[in-house]
Structures are given as structure tokens and as C-alpha cells.
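Inspection log for the structure reproduced underneath, given as C-alpha cells.
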Amino acid sequence: MDQEFIRIAKVLSAHSLKGALKIFVITDIPERFERGSAVFAIKGSVVQEYTVDSFSLLKGNHAIVSFEGLTDRTSAEKLKGFTLAISQEHAERTRDILSEDEFYYSDLIGASAYRDGICFGKIVDIIEGAGDILVIENSSGKQFLLPFVDSMVDVSRLKEGRIDISPIDGLFEE
């Protein structure tokens, strides 16, 4: 996905006959789904803008969202698998919502990954799912996948454009 957007959710399925969607929420900021907020549905080169009509958080990270103008199940079903995002510009305008130790996933892209004090590579992507994965590319162009877990990733120096990684033995066979 183009870096001009910040991912906030993934569309799982249509939810009702009236066009509501069941989504998996990625953002820690539920205010992203306030009524009247602009949200982009993105899949490949398709980018569609919607305005949030209603939002209700369910159990865990699941929620139901409805958009203005999306009023039938058939239209809603076409959005299955789409990523929901906000514009990078909007995210920057609302960065003050984040606490001192919070960041956007997009802040990770381009950060240098250090292993044992030596630059190992750069973060080039994040694979989001039940357990997020960092994609790190070394200077030779080889990519490595690293689970984004506290025991292996230290983001305390992210504001310097750096993270420190500690992969388990054998994970990065070079």
C-alpha cells in the first residue's frame, strides 16, 4: 500500500442487509471511526473514500462500521478484504493523540534495524495479521521476516530512525 495512507482496519465481511461491515481494527485510536470521519478503502490500485456513519466496537479488535452511501449488503460484500486507512496528512495533524511511547506503523518503514549494535538492514514493510511481522531488507537486497514482539524488537530509539532487533537463534540464516 502506498505510504500516503495509514492502515487502521481490515474489512472481514458484510454484516447486515443495510451495508454495515465487520472489520478487524488495527488502530489503537478508536476516534478514527467517529461519525463524519473520512476513511479510505484500499485494495491494490483501488482507493475509495467513505464517510463514517456509525461504529461500534465488539469483542477484541472486531467492530461494526457503516459508511454513508453504503446501504446494501451487495455493495458491502465487494469491500471484503479491503484495507481501511486514513490519509497520512490526517494522521500527522492528529499525531498529538499518541502518547509518548506510541507511534504509527508507517514510522517504522525506512528505520534502520540494528542487531548487536551493527546495522543489519532497513524496515521495508510490515505484514499485519494475528501476529505482525517486520520485513527487514539488508544491503544485499535479501529480505528477512521478524515477528514484531517485544522480546525481539526494541523500538525505544525509533525517533532516531533506529530499532534494535534480537532474533532468536536460527531465525536469520544468512
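Within each chain, counting starts at residue 1; across the C-alpha cells, chains are named A, B, ... in the order shown, with ligands numbered 1 upward in that order.
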DSSP-assigned strand (DSSP E) among stretch 24-151 of chain A, expressed as a PyMOL selection string: chain A and resi 24-25+38-43+46-57+62-67+83-87+112-115+118-127+133-137+143-147
Write out as a PDB file with C-alpha atoms, in the first residue's frame which residues come within 10 Å of A:Gly131 when counting only C-alpha atoms, dropping same-chain ones fewer than 4 positions away.
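What ended up in result17.pdb:
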```
ATOM      1  CA  ILE A 127       2.861  -7.797   7.327  1.00  0.00           C
ATOM      2  CA  PRO A 147       7.935 -11.285  14.431  1.00  0.00           C
ATOM      3  CA  PHE A 148       7.092  -7.863  15.862  1.00  0.00           C
ATOM      4  CA  VAL A 149       7.202  -8.878  19.515  1.00  0.00           C
TER       5      VAL A 149
END
```
For A:Phe82: contacts at 6 Å, only C-alpha atoms, fewer than 3 positions along chain excluded, given as a PyMOL selection string: chain A and resi 11+41-43+79
Do a neighbour search on stretch 124-126 of chain A at 8 Å with only C-alpha atoms, toss out local chain neighbours closer than 3 positions, and write the hits as an mmCIF file with N, CA and C atoms, in the first residue's frame.
```
data_model
loop_
_atom_site.group_PDB
_atom_site.id
_atom_site.type_symbol
_atom_site.label_atom_id
_atom_site.label_comp_id
_atom_site.auth_asym_id
_atom_site.auth_seq_id
_atom_site.Cartn_x
_atom_site.Cartn_y
_atom_site.Cartn_z
ATOM 1 N N TYR A 105 2.689 2.714 12.539
ATOM 2 C CA TYR A 105 3.469 1.686 11.860
ATOM 3 C C TYR A 105 4.276 2.290 10.715
ATOM 4 N N ILE A 109 8.706 2.165 8.755
ATOM 5 C CA ILE A 109 9.199 1.983 7.395
ATOM 6 C C ILE A 109 10.378 2.929 7.154
ATOM 7 N N GLY A 110 11.496 2.341 6.743
ATOM 8 C CA GLY A 110 12.711 3.126 6.497
ATOM 9 C C GLY A 110 13.637 3.202 7.698
ATOM 10 N N ASP A 132 1.972 -9.500 13.943
ATOM 11 C CA ASP A 132 2.597 -8.678 12.912
ATOM 12 C C ASP A 132 4.051 -9.097 12.683
ATOM 13 N N ILE A 133 4.497 -8.947 11.435
ATOM 14 C CA ILE A 133 5.836 -9.346 11.024
ATOM 15 C C ILE A 133 6.537 -8.148 10.374
ATOM 16 N N LEU A 134 7.763 -7.863 10.811
ATOM 17 C CA LEU A 134 8.570 -6.820 10.169
ATOM 18 C C LEU A 134 9.333 -7.454 9.011
ATOM 19 N N VAL A 135 9.379 -6.752 7.882
ATOM 20 C CA VAL A 135 10.168 -7.192 6.742
ATOM 21 C C VAL A 135 11.409 -6.302 6.728
ATOM 22 N N ILE A 136 12.564 -6.918 6.928
ATOM 23 C CA ILE A 136 13.838 -6.197 7.000
ATOM 24 C C ILE A 136 14.665 -6.576 5.784
ATOM 25 N N GLU A 137 15.172 -5.573 5.089
ATOM 26 C CA GLU A 137 15.992 -5.821 3.908
ATOM 27 C C GLU A 137 17.422 -5.397 4.203
#
```
For A:Leu98: contacts at 10 Å, only C-alpha atoms, fewer than 4 positions along chain excluded, given as a list in words: Asp28, Ile29, Thr94, Glu102, Phe103 and Tyr104 of chain A
Given the selection you just returned, output its residues as a file containing C-alpha atoms, formatted as a PDB file, in the first residue's frame.
```pdb
ATOM      1  CA  ASP A  28      -5.323   1.889  18.941  1.00  0.00           C
ATOM      2  CA  ILE A  29      -7.266   5.113  18.368  1.00  0.00           C
ATOM      3  CA  THR A  94      -3.628  14.262  14.866  1.00  0.00           C
ATOM      4  CA  GLU A 102       3.189   5.280  20.747  1.00  0.00           C
ATOM      5  CA  PHE A 103       3.921   5.559  17.038  1.00  0.00           C
ATOM      6  CA  TYR A 104       2.404   4.848  13.647  1.00  0.00           C
TER       7      TYR A 104
END
```
